[in-house]
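One file, input-v4.cif, is given below (mmCIF, C-alpha atoms).
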data_data
loop_
_atom_site.label_atom_id
_atom_site.label_comp_id
_atom_site.auth_asym_id
_atom_site.auth_seq_id
_atom_site.Cartn_x
_atom_site.Cartn_y
_atom_site.Cartn_z
CA MET U 1 52.93 29.81 -15.21
CA GLU U 2 49.13 29.20 -15.13
CA PHE U 3 48.93 29.74 -18.90
CA ARG U 4 51.69 27.17 -19.44
CA LYS U 5 49.85 24.59 -17.31
CA LYS U 6 46.62 25.13 -19.28
CA ARG U 7 48.51 24.79 -22.55
CA GLU U 8 50.10 21.52 -21.36
CA VAL U 9 46.69 20.18 -20.30
CA ARG U 10 45.20 21.04 -23.71
CA LYS U 11 48.18 19.40 -25.43
CA THR U 12 47.83 16.23 -23.33
CA TYR U 13 44.08 16.10 -23.94
CA GLY U 14 44.68 16.47 -27.66
CA ILE U 15 47.12 13.55 -27.70
CA PHE U 16 44.68 11.31 -25.82
CA THR U 17 41.88 12.32 -28.20
CA LEU U 18 43.99 11.32 -31.20
CA VAL U 19 44.83 7.99 -29.59
CA GLN U 20 41.20 7.42 -28.68
CA ASN U 21 39.98 8.10 -32.22
CA TRP U 22 42.69 5.89 -33.71
CA VAL U 23 41.68 2.97 -31.47
CA ILE U 24 37.97 3.41 -32.24
CA LEU U 25 38.54 3.60 -36.00
CA ASN U 26 40.70 0.48 -35.95
CA LEU U 27 38.19 -1.46 -33.87
CA HIS U 28 35.43 -0.33 -36.25
CA SER U 29 37.42 -1.33 -39.34
CA LEU U 30 38.03 -4.75 -37.82
CA LYS U 31 34.26 -4.99 -37.17
CA LEU U 32 34.88 -5.43 -33.45
CA ILE U 33 32.41 -2.61 -32.87
CA GLN U 34 29.51 -1.58 -35.12
CA SER U 35 29.72 2.17 -34.70
CA PRO U 36 31.79 4.61 -32.66
CA LEU U 37 28.95 5.87 -30.45
CA PRO U 38 29.66 8.92 -28.25
CA PHE U 39 29.29 7.02 -24.96
CA MET U 40 31.70 4.40 -26.29
CA LYS U 41 34.21 7.08 -27.23
CA SER U 42 33.98 8.47 -23.72
CA SER U 43 34.44 5.03 -22.15
CA LEU U 44 37.35 4.16 -24.39
CA PHE U 45 38.97 7.49 -23.67
CA THR U 46 38.74 6.82 -19.94
CA VAL U 47 40.22 3.33 -20.32
CA ILE U 48 43.07 4.58 -22.51
CA LEU U 49 43.78 7.43 -20.11
CA LEU U 50 43.93 5.10 -17.12
CA VAL U 51 46.13 2.58 -18.92
CA LEU U 52 48.59 5.23 -20.11
CA LEU U 53 48.75 6.94 -16.73
CA SER U 54 49.23 3.57 -15.04
CA SER U 55 52.06 2.61 -17.37
CA CYS U 56 53.79 5.94 -16.79
CA ASN U 57 53.83 5.36 -13.04
CA SER U 58 54.00 1.58 -12.83
CA LEU U 59 55.75 -0.11 -9.93
CA VAL U 60 59.26 -1.36 -10.62
CA GLU U 61 59.12 -3.18 -7.29
CA SER U 62 57.60 -2.58 -3.88
CA GLY U 63 58.03 1.08 -2.94
CA VAL U 64 59.66 2.12 -6.25
CA HIS U 65 57.82 3.62 -9.22
CA LYS U 66 59.11 3.82 -12.77
CA LYS U 67 59.15 7.62 -12.63
CA ASP U 68 61.48 7.46 -9.59
CA LEU U 69 64.29 6.03 -11.72
CA LYS U 70 64.79 9.37 -13.46
CA LYS U 71 64.97 11.45 -10.30
CA ASP U 72 67.81 12.56 -8.06
CA VAL U 73 67.90 12.31 -4.27
CA ALA U 74 68.22 15.38 -2.07
CA LEU U 75 69.55 14.82 1.45
CA LEU U 76 68.52 17.75 3.62
CA THR U 77 71.08 17.59 6.42
CA SER U 78 71.63 19.72 9.50
CA GLU U 79 74.68 21.14 7.69
CA GLY U 80 73.10 21.78 4.28
CA THR U 81 71.77 19.93 1.23
CA ILE U 82 73.57 17.15 -0.66
CA VAL U 83 72.16 15.95 -3.99
CA LEU U 84 72.85 12.39 -5.20
CA ARG U 85 72.46 10.71 -8.57
CA LEU U 86 72.06 6.93 -8.61
CA TYR U 87 73.54 4.69 -11.32
CA ASP U 88 71.23 2.62 -13.49
CA ASP U 89 73.71 -0.25 -13.90
CA THR U 90 73.57 -1.03 -10.17
CA PRO U 91 69.78 -1.58 -10.10
CA LEU U 92 69.61 -3.57 -6.85
CA HIS U 93 71.28 -0.79 -4.88
CA ARG U 94 69.48 1.96 -6.80
CA ASN U 95 66.04 0.50 -6.17
CA ASN U 96 66.78 -0.24 -2.52
CA PHE U 97 67.94 3.35 -1.97
CA LEU U 98 64.91 4.80 -3.75
CA ARG U 99 62.61 2.65 -1.66
CA LEU U 100 64.29 3.77 1.56
CA VAL U 101 63.82 7.40 0.53
CA ASN U 102 60.16 6.84 -0.40
CA GLU U 103 59.52 5.06 2.91
CA GLY U 104 61.12 7.89 4.90
CA MET U 105 63.81 5.60 6.30
CA TYR U 106 66.55 8.24 5.96
CA ASP U 107 64.60 10.91 7.83
CA SER U 108 66.32 11.68 11.17
CA ILE U 109 69.27 9.39 10.40
CA LEU U 110 72.74 10.21 11.74
CA PHE U 111 76.03 10.62 9.96
CA HIS U 112 77.65 8.42 12.59
CA ARG U 113 81.16 8.25 11.09
CA ALA U 114 83.24 11.10 9.74
CA ILE U 115 86.88 10.60 8.74
CA LYS U 116 88.69 13.54 7.20
CA ASP U 117 90.28 12.84 3.79
CA PHE U 118 88.33 9.57 3.59
CA MET U 119 84.52 9.51 3.88
CA ILE U 120 81.36 10.21 5.86
CA GLN U 121 78.92 7.39 6.64
CA ALA U 122 75.19 7.42 7.45
CA GLY U 123 72.66 4.79 8.42
CA GLN U 124 72.44 4.87 12.21
CA ALA U 125 69.15 6.06 13.68
CA ALA U 126 68.80 8.79 16.28
CA ASN U 127 65.93 6.73 17.75
CA SER U 128 66.91 3.09 17.30
CA ASP U 129 63.70 1.53 18.69
CA SER U 130 61.29 3.22 16.27
CA PHE U 131 63.81 2.78 13.46
CA GLU U 132 64.06 -0.99 13.92
CA ALA U 133 60.29 -1.26 14.16
CA LYS U 134 59.91 0.62 10.89
CA LYS U 135 62.50 -1.61 9.18
CA LYS U 136 60.48 -4.67 10.15
CA LEU U 137 57.24 -3.03 9.04
CA ILE U 138 58.45 -2.46 5.47
CA ASN U 139 60.20 -5.85 5.37
CA LEU U 140 63.66 -4.71 4.29
CA PRO U 141 66.02 -7.40 2.97
CA ASP U 142 68.85 -8.34 5.31
CA SER U 143 71.43 -7.25 2.74
CA ILE U 144 71.89 -6.31 -0.92
CA PRO U 145 73.98 -8.53 -3.25
CA LYS U 146 77.16 -6.74 -4.32
CA GLU U 147 77.18 -4.97 -7.69
CA VAL U 148 80.84 -4.18 -8.21
CA THR U 149 81.55 -3.02 -11.78
CA ALA U 150 84.69 -2.20 -13.73
CA ASP U 151 83.51 1.35 -14.47
CA HIS U 152 82.49 2.64 -11.05
CA PHE U 153 85.23 3.49 -8.60
CA HIS U 154 85.83 5.41 -5.39
CA LYS U 155 86.55 8.83 -6.81
CA ARG U 156 85.83 11.93 -4.74
CA ALA U 157 82.02 12.29 -4.42
CA ALA U 158 81.33 8.57 -4.95
CA LEU U 159 78.30 7.08 -3.20
CA GLY U 160 79.12 3.62 -1.85
CA ALA U 161 77.35 0.92 0.12
CA ALA U 162 78.80 0.13 3.54
CA ARG U 163 78.97 -3.50 4.61
CA PRO U 164 80.32 -5.85 7.28
CA GLY U 165 83.86 -7.14 6.75
CA ASP U 166 84.69 -10.32 4.84
CA ASP U 167 85.22 -12.36 8.03
CA THR U 168 81.46 -12.34 8.64
CA ASN U 169 80.36 -11.42 5.12
CA PRO U 170 82.27 -13.52 2.57
CA THR U 171 79.89 -12.60 -0.29
CA GLN U 172 80.65 -8.90 0.30
CA SER U 173 76.93 -8.13 0.38
CA SER U 174 76.01 -4.54 1.16
CA SER U 175 74.13 -3.15 4.13
CA ASN U 176 70.45 -2.60 3.48
CA ILE U 177 70.64 1.01 4.69
CA HIS U 178 74.18 2.20 5.52
CA PHE U 179 75.98 4.24 2.87
CA TYR U 180 79.03 6.47 2.61
CA LEU U 181 80.10 9.50 0.60
CA VAL U 182 83.76 9.71 -0.38
CA GLN U 183 85.71 12.86 0.43
CA GLY U 184 89.03 11.21 -0.32
CA LYS U 185 92.54 12.42 -0.91
CA VAL U 186 94.76 13.03 -3.94
CA TYR U 187 97.13 10.18 -4.83
CA THR U 188 100.56 9.87 -6.38
CA ASP U 189 101.85 6.91 -8.39
CA SER U 190 103.52 5.52 -5.29
CA THR U 191 100.42 5.81 -3.08
CA LEU U 192 98.30 4.27 -5.85
CA ALA U 193 100.71 1.32 -5.87
CA ILE U 194 100.04 0.88 -2.14
CA ALA U 195 96.29 1.08 -2.77
CA GLU U 196 96.56 -1.58 -5.48
CA GLY U 197 98.37 -3.82 -3.01
CA ARG U 198 95.56 -3.41 -0.48
CA ILE U 199 92.91 -4.15 -3.14
CA ASN U 200 94.65 -7.33 -4.26
CA LYS U 201 95.22 -8.50 -0.70
CA MET U 202 91.49 -8.13 0.02
CA LEU U 203 90.60 -9.97 -3.20
CA ALA U 204 93.02 -12.78 -2.33
CA TYR U 205 91.70 -13.05 1.25
CA ASN U 206 88.14 -13.22 -0.04
CA ALA U 207 89.11 -15.99 -2.45
CA VAL U 208 90.68 -17.95 0.44
CA ILE U 209 87.65 -17.81 2.75
CA ASN U 210 85.33 -18.70 -0.15
CA SER U 211 87.43 -21.65 -1.30
CA PRO U 212 85.61 -25.01 -0.96
CA GLU U 213 88.83 -26.43 0.50
CA ASN U 214 88.54 -24.03 3.43
CA ALA U 215 84.78 -24.31 3.93
CA GLU U 216 84.88 -26.24 7.20
CA MET U 217 87.63 -24.07 8.64
CA TYR U 218 85.72 -20.91 7.74
CA LYS U 219 82.51 -22.32 9.22
CA ARG U 220 84.31 -22.90 12.51
CA PHE U 221 86.00 -19.49 12.31
CA LYS U 222 82.65 -17.74 11.91
CA SER U 223 80.86 -19.79 14.58
CA ILE U 224 83.32 -18.87 17.35
CA ALA U 225 83.79 -15.23 16.37
CA ASN U 226 81.53 -13.88 19.12
CA PHE U 227 82.61 -16.21 21.93
CA ASN U 228 84.94 -14.42 24.31
CA THR U 229 86.35 -17.37 26.22
CA GLU U 230 90.12 -17.70 26.26
CA ASN U 231 90.06 -20.98 24.33
CA THR U 232 87.83 -19.76 21.53
CA MET U 233 89.75 -16.51 21.21
CA ASP U 234 92.98 -18.47 20.84
CA GLU U 235 91.41 -20.80 18.28
CA HIS U 236 89.97 -17.87 16.37
CA LYS U 237 93.41 -16.24 16.16
CA ILE U 238 95.01 -19.51 14.98
CA ILE U 239 92.48 -19.83 12.14
CA LYS U 240 92.86 -16.15 11.26
CA ASP U 241 96.64 -16.56 11.04
CA LYS U 242 96.12 -19.60 8.81
CA PHE U 243 93.88 -17.59 6.48
CA ASP U 244 96.46 -14.81 6.36
CA SER U 245 99.18 -17.31 5.39
CA LEU U 246 96.99 -18.76 2.66
CA THR U 247 96.27 -15.23 1.45
CA LEU U 248 99.99 -14.62 0.86
CA ILE U 249 100.09 -17.74 -1.33
CA GLN U 250 96.85 -16.77 -3.09
CA GLU U 251 98.24 -13.33 -3.94
CA GLN U 252 100.96 -15.00 -5.99
CA THR U 253 98.51 -17.03 -8.06
CA ILE U 254 95.51 -14.76 -8.70
CA GLU U 255 95.33 -12.34 -11.60
CA LYS U 256 96.30 -9.00 -10.10
CA TYR U 257 93.87 -6.10 -10.34
CA SER U 258 95.41 -2.98 -11.85
CA ILE U 259 93.77 0.43 -11.46
CA PRO U 260 92.84 1.61 -15.00
CA ASN U 261 94.70 4.62 -16.35
CA SER U 262 91.50 6.66 -16.58
CA HIS U 263 90.82 6.02 -12.89
CA ARG U 264 94.43 6.76 -11.97
CA GLU U 265 94.20 10.21 -13.54
CA VAL U 266 91.10 11.00 -11.51
CA TYR U 267 92.75 9.79 -8.31
CA LYS U 268 95.85 11.90 -9.05
CA THR U 269 93.87 15.08 -9.77
CA ILE U 270 90.49 14.99 -8.01
CA GLY U 271 91.22 12.30 -5.43
CA GLY U 272 89.20 9.55 -3.80
CA ALA U 273 89.57 6.35 -1.76
CA ALA U 274 91.23 3.97 -4.21
CA HIS U 275 91.89 1.15 -1.74
CA LEU U 276 88.15 0.33 -1.59
CA ASP U 277 87.84 -0.43 -5.30
CA GLN U 278 86.55 -3.85 -6.39
CA ASN U 279 85.57 -4.79 -2.84
CA TYR U 280 82.73 -2.34 -2.14
CA THR U 281 79.79 -1.38 -4.36
CA VAL U 282 79.70 2.15 -5.79
CA PHE U 283 76.17 2.94 -6.92
CA GLY U 284 75.98 6.71 -7.40
CA GLU U 285 77.67 10.04 -6.80
CA VAL U 286 77.23 13.50 -5.31
CA ILE U 287 76.29 16.00 -8.02
CA SER U 288 75.78 18.95 -5.69
CA GLY U 289 76.83 19.74 -2.13
CA MET U 290 80.38 18.39 -1.85
CA GLU U 291 81.16 21.43 0.29
CA ILE U 292 78.70 19.96 2.83
CA VAL U 293 80.50 16.60 2.68
CA ASP U 294 83.81 18.41 3.30
CA LYS U 295 82.27 20.29 6.21
CA ILE U 296 80.95 17.11 7.85
CA ALA U 297 84.24 15.26 7.30
CA ALA U 298 86.09 18.01 9.18
CA VAL U 299 84.05 17.97 12.41
CA GLU U 300 85.43 16.89 15.78
CA THR U 301 84.90 13.18 16.43
CA ASN U 302 85.42 10.69 19.23
CA ARG U 303 87.69 7.63 19.14
CA SER U 304 85.06 5.74 17.14
CA ASP U 305 84.99 8.48 14.47
CA LYS U 306 81.50 9.53 15.56
CA PRO U 307 80.91 13.31 15.46
CA GLU U 308 80.89 14.87 18.92
CA GLU U 309 77.70 16.71 18.00
CA ASP U 310 74.93 14.93 16.11
CA ILE U 311 74.79 15.55 12.37
CA LEU U 312 71.45 14.49 10.93
CA ILE U 313 69.80 13.79 7.64
CA LEU U 314 66.64 15.73 8.48
CA SER U 315 64.85 14.33 5.44
CA ALA U 316 65.55 12.67 2.10
CA GLN U 317 63.39 13.26 -0.95
CA LEU U 318 63.27 12.59 -4.66
CA ILE U 319 63.67 15.67 -6.85
CA LYS U 320 63.46 16.37 -10.57
CA ARG U 321 66.77 16.17 -12.42
CA LYS U 322 68.04 19.47 -13.73
CA ASP U 323 69.80 18.01 -16.78
#
Is it possible to give me this structure as C-alpha cells?
Amino acid sequence: MEFRKKREVRKTYGIFTLVQNWVILNLHSLKLIQSPLPFMKSSLFTVILLVLLSSCNSLVESGVHKKDLKKDVALLTSEGTIVLRLYDDTPLHRNNFLRLVNEGMYDSILFHRAIKDFMIQAGQAANSDSFEAKKKLINLPDSIPKEVTADHFHKRAALGAARPGDDTNPTQSSSNIHFYLVQGKVYTDSTLAIAEGRINKMLAYNAVINSPENAEMYKRFKSIANFNTENTMDEHKIIKDKFDSLTLIQEQTIEKYSIPNSHREVYKTIGGAAHLDQNYTVFGEVISGMEIVDKIAAVETNRSDKPEEDILILSAQLIKRKD
C-alpha cells in the first residue's frame, strides 16, 4: 500500500513537472519571460500546483465541493448502514443534501415515521433546540424548489423529498431537510389504475389552487387555516369543498398522466409507491442497505406512525463510490 502511494506521488509530480515546463517554454517563446530561471520554475510550479488543486476541489456552492458530486452518502443508523446515490439531474436537491451531510445536520436525526409497505421518513431532531439553532447558523433555505422529472419515479429504494401538502404549499416545494426512503409494495394493473387516479387528482387539485381565477379564494383559505374558531373552521371547510368540486371539473379537462410502461413493469415486479409520482421530487436511491429500510419499516409504531423506540441516523458521511 505504501509503495502504491509513493508511486502515485511520483506520477503526480511528473505530470506537474511536464505542465510546468510546457508553460515556461511557451512563455519564453512568446518573449513574456527572458529565460526560465530555476527560481522562476519553482515559483511557476507552485502556482500551477495551487491552481490545479484548487480547481479539483472548487466550491459548487456554500458547503458543497466539486469532488462531493461524485461521492455516495452513507447513513450510519442505529439499525445498520444505508448507502444512497444522488441524481445529477436534480441538482438543487442533490446539493442541498450534500451540504446537510457536510454540515453534520443528519447526525443524531430520527426516523420519525415508519409505515410498512410504504416508506420511512427522517428529518426530525432528537434535540430540537440545538438542531434549530444549527439550522439558523448555516442559513438553510426555507424550502427547495421541486425538481420532478419524467424519468425518476417512486420505485422501491427511491429517495424522495418530503414536503408540506398542497393546501399550504401550492408550489410543491420540498422540505429543506426531511426525506423518505421508499419500501413500497408490488402492484397489479388494477392497483396501478387506482394510483394513476390519485396522481391525476392531485395534479388537478394543484392546478385549481394555482389558478389565477381562484387566487383570492386560496389566499383566504390559507390565511384562516390555523384559526380554530367555529366560524373560520366552517368557512375553511366551505372553501375546501369548493376546491374539491372544481378539481372534479379540472380532472375532465387536463391531460391525464399515464404511468410509463417501463415504470409499470418495475412497480409490478419490484414495487414502490406509485401514487406519489409527479407530485413529489425523487432525487436519488438506495444502492445498499435496503434490508435496513425493511427492518425499520417493520418496527412497532404509535398512532402517528412514529417508532415506539427511537431509531437514529447516528451520522451521515460522504464515501467513495465503488463503481
Please tell me which residues are no farther than 7 Å from (77.0, 14.0, -4.8) in the file, counting all atoms listed in the file, and write them as a ChimeraX atom specification.
-> /U:82-85,157-158,285-290
Counting all atoms listed in the file, figure out which residue out of U:Phe153, U:Ser223, U:Lys201, U:Ser78 gets nearest to U:Thr253.
->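 Checking each candidate against U:Thr253, we get U:Lys201 as the closest.
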Can you build me a table of stretch 68-155 of chain U residues sitting at most 12 Å from stretch 187-196 of chain U, with the closest atom pair per residue and its distance in Å to one decimal, using all atoms listed in the file, sorted by chain and residue number, as a Markdown table?
| residue | atom | partner | partner_atom | distance |
| --- | --- | --- | --- | --- |
| U:Asp117 | CA | U:Tyr187 | CA | 11.3 |
| U:His154 | CA | U:Ala195 | CA | 11.6 |
| U:Lys155 | CA | U:Tyr187 | CA | 10.8 |
In Å, rounded to a single decimal, give me how far atom CA of U:Ile109 is from atom CA of U:Gln124.
->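 Atom CA of U:Ile109 lies 5.8 Å from atom CA of U:Gln124.
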Could you check which of U:Thr81, U:Gln250, U:Phe221, U:Glu291 is closest to U:Lys237, using all atoms listed in the file?
->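 Result for the nearest residue to U:Lys237: U:Phe221.
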Using atom CA of U:Asp89 and atom CA of U:Val148 as the two end points, give the distance in Å to one decimal.
->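 Distance reported for this atom pair: 9.9 Å.
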Report, as AutoDock Vina command-line options, the centre and edge lengths in Å (one decimal) of the axis-aligned box enclosing every listed atom of stretch 200-217 of chain U, padded by 3 Å on each side.
--center_x 90.0 --center_y -16.9 --center_z 2.2 --size_x 16.4 --size_y 25.1 --size_z 18.9
Using atom CA of U:Ala126 and atom CA of U:Pro164 as the two end points, give the distance in Å to one decimal.
->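 For atom CA of U:Ala126 relative to atom CA of U:Pro164, the distance reads 20.7 Å.
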Apply the PyMOL selection byres ((chain U and resi 204) around 8) to the displayed file and report the matching residues as a PyMOL selection string.
-> chain U and resi 200-203+205-208+247-248+250-251+254
Surrounding residues of U:Tyr267 excluding itself and chain neighbours under 3 positions, 6 Å, all atoms listed in the file, as a PyMOL selection string = chain U and resi 186-187+264+270-272
Expanded to explicit residues, what is the PyMOL selection byres ((chain U and resi 308) around 12) for this file, as a list in words?
-> Leu110, Phe111, His112, Arg113, Ala114, Ile296, Ala298, Val299, Glu300, Thr301, Asn302, Arg303, Ser304, Asp305, Lys306, Pro307, Glu309, Asp310 and Ile311 of chain U
Quick one: residues within 9 Å of (85.1, 1.5, -14.4) (file frame), counting all atoms listed in the file, please, as a PyMOL selection string.
-> chain U and resi 149-153+260+262-263
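The set of residues that the PyMOL selection byres ((chain U and resi 97) around 10) takes from this file is Val64, Val73, Leu86, Pro91, Leu92, His93, Arg94, Asn95, Asn96, Leu98, Arg99, Leu100, Val101, Asn102, Glu103, Met105, Tyr106, Ala161, Asn176, Ile177, His178, Phe179 and Phe283 of chain U.
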